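S.K.: Questions regarding the structure given below will be posed in turn.
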Amino acid sequence: MTTKTVVNGVDVDQLVDTVGAIKEQPDIAKFRFRASNQWVNGGHSRTTIQSFYGAGQEDDTRSEPIVLDSDEPPVLLGENKGANAVETVLHALASCVSVGFAYNAAAQGIRVDGMEMDLEGDIDLHGFLGLSESTRPGYENIRLSCRIQTDASEDKLAELSEQVQKTSPVLDILRNPVPTAIHLEKAP
C-alpha cells in the first residue's frame, strides 16, 4: 500500500504525475472551459457551468451544474441577487492566486497553514455609462493584499510569489489583452 503525499490539501504525487504526463503528451494540456448565461431581469443574470474539455477528452465529472448569479447593488439599479461582474473578476483573481500559492507551495514542500486576501478595484463609471471616451469602462487598477501563514522564510515566500504571478491564468488575463470575439444573433 502506497501512502499519498498531501501538502496543503494537494495530492503532490498526482500533481507530479500530471506535470510528467503533460511533458510526455503536450496536447493534453489544452483545455476549453465553457459557461452559459441567461439574463433574468434588470441587472440579474445566471451563469451555468458544467462540462469542459481537458486532458484530451470531454470532462463530465460534474454531475450537477455550478450556478453563479450576478446582479448589481441597488445604487447601480440592481437587487443584490449576486456579486456584480467586476466583483466576480476580483473573486476569480483571488481564487486563481490562492490555488497558485497552495499548489506551488505544495510542490516545493512548503506547508501553508492559512491564507487570506483582500482585493480592491477602482472603476470610474463614466466609461461604463458612455459619458467619456477617454475613461476606460473596466478597472483602472486592482490591488491584492495576501497574508500567508507558513514557516517558509521571507525569501522563499518572495520566490513563491514571483512564480505564482508568472503562472496565474487569471492574472495573465488581466495583465494582457485576450482576443475576444462576440457573435450576436436575433433569437426567434
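As shown in the C-alpha cells, the chain order sets the letters A, B, ...; within each chain, residues go from 1, and ligands are also counted from 1 in the order they appear.
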Can you pull out every residue within 9 Å of Gln57 (chain A), counting only C-alpha atoms, but drop anything in the same chain fewer than 4 positions away, and send it as a list in words?
M.R.: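 My list of contacting residues is Ile28, Phe52 and Tyr53 of chain A.
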S.K.: If you run DSSP on this backbone, which residues of region 15-188 of chain A come out as strand (DSSP E or B), and could you give them as a count of residues only?
M.R.: 47
S.K.: Could you check which of A:Gln25, A:Asn8, A:Ser70, A:Thr3 is closest to Gly109 (chain A), using only C-alpha atoms?
M.R.: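 That would be A:Asn8, the residue with the smallest distance to Gly109 (chain A).
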S.K.: Quick check for you: according to DSSP on this backbone, which residues of region 23-136 of chain A are classed as alpha helix (DSSP H)? Reply as a PyMOL selection string.
M.R.: chain A and resi 23-24+85-107+125-128
S.K.: Excluding Phe31 (chain A) and its own-chain neighbours fewer than 5 positions away, which residues fall within 12 Å of it when counting only C-alpha atoms? Please give them as a list in words.
M.R.: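 Result of the neighbour search: Pro26, Ser51, Phe52, Tyr53, Gly54, Ala55, Gly56, Gln57, Glu58 and Asp59 of chain A.
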S.K.: Using only C-alpha atoms, which of A:Val67, A:Ile123, A:Val10, A:Leu184 sits nearest Gly82 (chain A)?
M.R.: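 Distance minimum relative to Gly82 (chain A) lands on A:Val67.
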S.K.: Hey, what's within 6 Å of region 71-74 of chain A if we count only C-alpha atoms and toss same-chain stuff fewer than 2 positions away? As JSON, numbers by chain, please?
M.R.: {"A": [43, 44, 76, 77, 78, 79, 80, 81, 82, 83, 84]}
S.K.: Pull N, CA, C and O atoms from the residues just selected and write them as a short mmCIF file (atom, residue, chain, number, x, y, z; two decimals), in the first residue's frame.
M.R.:
data_model
loop_
_atom_site.label_atom_id
_atom_site.label_comp_id
_atom_site.auth_asym_id
_atom_site.auth_seq_id
_atom_site.Cartn_x
_atom_site.Cartn_y
_atom_site.Cartn_z
N GLY A 43 -30.43 43.91 -13.76
CA GLY A 43 -29.00 43.60 -13.75
C GLY A 43 -28.69 42.15 -13.39
O GLY A 43 -27.54 41.75 -13.31
N HIS A 44 -29.73 41.35 -13.19
CA HIS A 44 -29.59 39.98 -12.71
C HIS A 44 -29.45 39.01 -13.90
O HIS A 44 -30.26 39.00 -14.81
N LEU A 76 -26.69 50.77 -8.14
CA LEU A 76 -26.48 50.61 -9.57
C LEU A 76 -27.69 49.92 -10.22
O LEU A 76 -27.57 49.20 -11.20
N LEU A 77 -28.88 50.13 -9.60
CA LEU A 77 -30.18 49.72 -10.13
C LEU A 77 -30.44 48.22 -10.04
O LEU A 77 -31.35 47.71 -10.70
N GLY A 78 -29.69 47.49 -9.24
CA GLY A 78 -29.91 46.06 -9.09
C GLY A 78 -30.59 45.71 -7.79
O GLY A 78 -31.06 46.58 -7.05
N GLU A 79 -30.63 44.41 -7.50
CA GLU A 79 -31.31 43.90 -6.30
C GLU A 79 -30.41 43.01 -5.46
O GLU A 79 -30.91 42.23 -4.65
N ASN A 80 -29.09 43.06 -5.67
CA ASN A 80 -28.14 42.27 -4.88
C ASN A 80 -28.42 40.77 -4.91
O ASN A 80 -28.24 40.07 -3.92
N LYS A 81 -28.79 40.25 -6.08
CA LYS A 81 -29.04 38.80 -6.21
C LYS A 81 -27.73 38.02 -6.34
O LYS A 81 -27.73 36.80 -6.35
N GLY A 82 -26.63 38.73 -6.45
CA GLY A 82 -25.31 38.12 -6.56
C GLY A 82 -24.27 39.22 -6.70
O GLY A 82 -24.61 40.40 -6.81
N ALA A 83 -23.01 38.82 -6.67
CA ALA A 83 -21.92 39.78 -6.89
C ALA A 83 -22.03 40.32 -8.31
O ALA A 83 -22.49 39.61 -9.21
N ASN A 84 -21.63 41.58 -8.51
CA ASN A 84 -21.67 42.07 -9.89
C ASN A 84 -20.46 41.54 -10.65
O ASN A 84 -19.57 40.91 -10.08
#
S.K.: How many Å lie between CA of Asp60 (chain A) and CA of Ala21 (chain A), rounded to one decimal?
M.R.: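 Distance between the two atoms: 20.5 Å.
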S.K.: Compile the contact shell of region 46-48 of chain A as a compact mmCIF listing (two decimals) with C-alpha atoms, in the first residue's frame: residues with an atom at most 8 Å away, counting only C-alpha atoms, same-chain residues fewer than 4 positions apart removed.
M.R.:
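Writing done, so here's result.txt:
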# COMPACT_ATOMS: atom_id res chain seq x y z
CA ALA A 35 -20.18 28.83 -19.50
CA SER A 36 -23.78 29.58 -20.46
CA ASN A 37 -25.52 32.71 -19.27
CA GLN A 38 -29.18 33.67 -19.18
CA TRP A 39 -30.41 37.14 -18.38
CA VAL A 40 -33.06 37.04 -15.63
CA PRO A 65 -24.01 22.28 -12.85
CA ILE A 66 -22.34 25.09 -10.95
CA VAL A 67 -24.67 28.09 -10.94
CA LEU A 68 -23.46 31.64 -10.39
CA ASP A 69 -25.88 34.53 -10.08
CA SER A 70 -24.77 38.04 -10.85
S.K.: Tell me which of A:Ile49, A:Ala158, A:Leu144, A:Val99 sits closest to Leu119 (chain A), counting only C-alpha atoms.
M.R.: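 Of A:Ile49, A:Ala158, A:Leu144, A:Val99, the one nearest Leu119 (chain A), counting only C-alpha atoms, is A:Leu144.
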S.K.: Of the candidates A:Ile110, A:Ala102, A:Leu131, A:Ile142, which shows the shortest atom-to-atom distance to Leu174 (chain A), using only C-alpha atoms?
M.R.: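 Of A:Ile110, A:Ala102, A:Leu131, A:Ile142, the one nearest Leu174 (chain A), counting only C-alpha atoms, is A:Ile142.
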S.K.: Extract, using only C-alpha atoms, all DNA, RNA and protein residues at most 12 Å from Ser134 (chain A), discarding same-chain residues fewer than 6 positions from it, and format them as a list in words.
M.R.: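 With the cut-off at 12 Å, the set is Asp124, Leu125, His126, Gly127, Phe128 and Glu140 of chain A.
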